[in-house]
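S.K.: Okay, so here is protein-v4.cif, and as you'll see once you scroll down, it has mmCIF, C-alpha atoms.
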data_my_file
loop_
_atom_site.label_atom_id
_atom_site.label_comp_id
_atom_site.auth_asym_id
_atom_site.auth_seq_id
_atom_site.Cartn_x
_atom_site.Cartn_y
_atom_site.Cartn_z
CA MET A 9 6.33 -15.32 7.30
CA SER A 10 2.93 -16.15 8.66
CA GLU A 11 1.36 -19.24 10.06
CA THR A 12 -2.12 -20.09 11.20
CA GLY A 13 -2.33 -21.60 14.66
CA THR A 14 -4.80 -24.20 15.81
CA ASP A 15 -6.92 -21.48 17.42
CA GLY A 16 -7.42 -19.71 14.09
CA PHE A 17 -4.82 -17.04 14.81
CA GLU A 18 -2.52 -15.83 12.09
CA VAL A 19 0.98 -15.08 13.31
CA ILE A 20 2.96 -12.65 11.20
CA ASP A 21 6.65 -12.13 11.89
CA VAL A 22 7.00 -8.38 11.34
CA LYS A 23 10.77 -8.73 11.15
CA GLU A 24 10.27 -10.71 7.96
CA GLN A 25 7.07 -9.09 6.65
CA ILE A 26 6.35 -5.49 7.67
CA ILE A 27 2.71 -4.65 8.30
CA SER A 28 0.93 -3.49 5.16
CA GLY A 29 -0.33 0.05 4.88
CA SER A 30 -3.93 -1.17 4.71
CA ASP A 31 -3.54 -3.35 7.84
CA LEU A 32 -1.93 -0.41 9.62
CA ASP A 33 -4.80 1.86 8.55
CA THR A 34 -7.31 -0.71 9.85
CA ALA A 35 -5.48 -0.92 13.17
CA LYS A 36 -5.40 2.88 13.42
CA GLU A 37 -9.15 3.11 12.86
CA LYS A 38 -9.71 0.66 15.73
CA VAL A 39 -7.27 2.11 18.27
CA GLY A 40 -7.66 5.79 17.44
CA SER A 41 -4.33 7.01 16.07
CA TYR A 42 -1.02 5.90 14.62
CA GLU A 43 0.62 7.29 17.75
CA ASP A 44 -1.34 4.71 19.78
CA LEU A 45 0.35 2.02 17.66
CA PHE A 46 3.81 3.59 17.99
CA ASN A 47 6.46 2.13 20.28
CA LYS A 48 8.12 5.10 21.99
CA ARG A 49 10.39 2.68 23.86
CA ALA A 50 12.17 1.71 20.64
CA ILE A 51 15.89 2.39 20.88
CA LYS A 52 15.93 3.93 17.39
CA TYR A 53 13.26 6.42 18.51
CA ARG A 54 15.77 8.05 20.85
CA GLN A 55 18.91 7.32 18.79
CA GLN A 56 17.49 9.08 15.75
CA GLY A 57 16.22 12.02 17.83
CA TRP A 58 12.52 11.48 17.09
CA ASN A 59 11.75 11.87 20.80
CA GLU A 60 12.89 15.49 20.57
CA LYS A 61 10.62 16.37 17.66
CA GLU A 62 6.94 17.17 17.54
CA LEU A 63 5.54 14.41 15.34
CA THR A 64 2.20 14.35 13.57
CA ASP A 65 0.04 11.25 13.30
CA SER A 66 1.16 10.86 9.68
CA ASP A 67 4.80 10.99 10.87
CA PHE A 68 4.08 8.09 13.23
CA LYS A 69 2.53 6.13 10.35
CA GLU A 70 5.49 6.75 8.06
CA LEU A 71 7.98 5.68 10.73
CA ILE A 72 6.07 2.47 11.50
CA LEU A 73 5.94 1.56 7.82
CA LYS A 74 9.68 2.17 7.42
CA GLU A 75 10.87 0.32 10.53
CA TYR A 76 9.07 -2.50 12.33
CA THR A 77 10.68 -1.62 15.68
CA PHE A 78 8.54 1.53 15.80
CA MET A 79 5.32 -0.51 16.01
CA LYS A 80 3.96 -1.70 19.34
CA ARG A 81 4.19 -5.46 19.27
CA PRO A 82 2.55 -7.82 19.21
CA LEU A 83 -0.46 -6.53 17.33
CA TYR A 84 -3.64 -8.57 17.72
CA PHE A 85 -6.57 -8.43 15.30
CA ILE A 86 -9.46 -10.20 17.05
CA ASP A 87 -12.88 -10.02 15.44
CA ASP A 88 -13.56 -6.30 15.04
CA GLU A 89 -10.99 -5.12 17.59
CA VAL A 90 -7.27 -4.44 17.56
CA PHE A 91 -4.95 -4.70 20.55
CA ALA A 92 -1.42 -3.29 20.43
CA GLY A 93 1.41 -4.25 22.74
CA ASN A 94 1.85 -6.52 25.70
CA ALA A 95 1.04 -4.28 28.65
CA LYS A 96 -0.85 -6.02 31.43
CA LYS A 97 -4.10 -4.15 30.69
CA ILE A 98 -3.86 -5.13 26.99
CA ILE A 99 -3.34 -8.80 27.85
CA GLU A 100 -6.33 -8.68 30.23
CA ALA A 101 -8.47 -7.08 27.50
CA ILE A 102 -7.42 -9.79 25.05
CA LYS A 103 -8.28 -12.53 27.55
CA ALA A 104 -11.68 -10.95 28.12
CA LYS A 105 -12.32 -10.69 24.37
CA LEU A 106 -11.34 -14.32 23.80
CA SER A 107 -13.59 -15.55 26.61
CA GLU A 108 -16.70 -13.89 25.11
#
I need this file expressed as structure tokens, please.

M.R.:
Amino acid sequence: MSETGTDGFEVIDVKEQIISGSDLDTAKEKVGSYEDLFNKRAIKYRQQGWNEKELTDSDFKELILKEYTFMKRPLYFIDDEVFAGNAKKIIEAIKAKLSE
């Protein structure tokens, strides 16, 4: 489900609608790798033993596309940039981008 906010943002509930492969590819091109979009804090990451394996960037992509909990959330597409997660430095970067 998605909705457009009054600020022109589109909110997509990834629990209901997983990110598309093309949107994920776009995000990867902006942030550098699928690993940079991957949530290594996800409980399933450890439960399924992925943390004990050496994963390739394509492995990270495949996992994200199969299970939304493996993607850093939220994911922000703002102009020509992508911001993944809610770490303090990410939120500060988003604020700076929006104040341009």

S.K.: For the file shown, report as a list in words the outcome of the PyMOL selection byres ((chain A and resi 66-68) around 9) at residue level.

M.R.: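 Matching residues under the PyMOL selection byres ((chain A and resi 66-68) around 9) are Ser41, Tyr42, Glu43, Leu45, Phe46, Leu63, Thr64, Asp65, Lys69, Glu70, Leu71, Ile72, Leu73 and Phe78 of chain A.
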
S.K.: Please evaluate the PyMOL selection byres ((chain A and resi 93) around 8) against the structure above and give the resulting residues as a PyMOL selection string.

M.R.: chain A and resi 80-83+91-92+94-95+98

S.K.: Dump C-alpha atoms for the selected residues as a JSON list (two decimals), in the frame of the given file?

M.R.:
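Everything below was put into again-v8.json:
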[["chain", "number", "residue", "atom", "x", "y", "z"],
["A", 80, "LYS", "CA", 3.96, -1.70, 19.34],
["A", 81, "ARG", "CA", 4.19, -5.46, 19.27],
["A", 82, "PRO", "CA", 2.55, -7.82, 19.21],
["A", 83, "LEU", "CA", -0.46, -6.53, 17.33],
["A", 91, "PHE", "CA", -4.95, -4.70, 20.55],
["A", 92, "ALA", "CA", -1.42, -3.29, 20.43],
["A", 94, "ASN", "CA", 1.85, -6.52, 25.70],
["A", 95, "ALA", "CA", 1.04, -4.28, 28.65],
["A", 98, "ILE", "CA", -3.86, -5.13, 26.99]]

S.K.: On this structure, which residues satisfy the PyMOL selection byres ((chain A and resi 53) around 12), written as a PyMOL selection string?

M.R.: chain A and resi 46-52+54-61+63+68+71-72+75-79

S.K.: With 6 Å on each side, where is the centre of the axis-aligned box around all listed atoms of region 74-81 of chain A, and how long are its edges in Å to one decimal, as AutoDock Vina command-line options?

M.R.:
--center_x 7.4 --center_y -1.6 --center_z 13.4 --size_x 18.9 --size_y 19.6 --size_z 23.9

S.K.: Have a look at CA of Val90 (chain A) and CA of Asp44 (chain A) and let me know their distance in Å, one decimal.

M.R.: 11.1 Å

S.K.: Work out how far apart CA of Asp87 (chain A) and CA of Gly29 (chain A) are and give it in Å to one decimal.

M.R.: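 CA of Gly29 (chain A) lies at a distance of 19.2 Å from CA of Asp87 (chain A).
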
S.K.: Hey, can you check how far CA of Glu89 (chain A) sits from CA of Lys38 (chain A)?

M.R.: 6.2 Å

S.K.: Rank A:Ile99, A:Ala35, A:Lys105, A:Glu62 by their smallest atom-to-atom distance to Phe85 (chain A), using all atoms listed in the file, and report the top residue only.

M.R.: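 With all atoms listed in the file as the atom set, the closest residue is A:Ala35.
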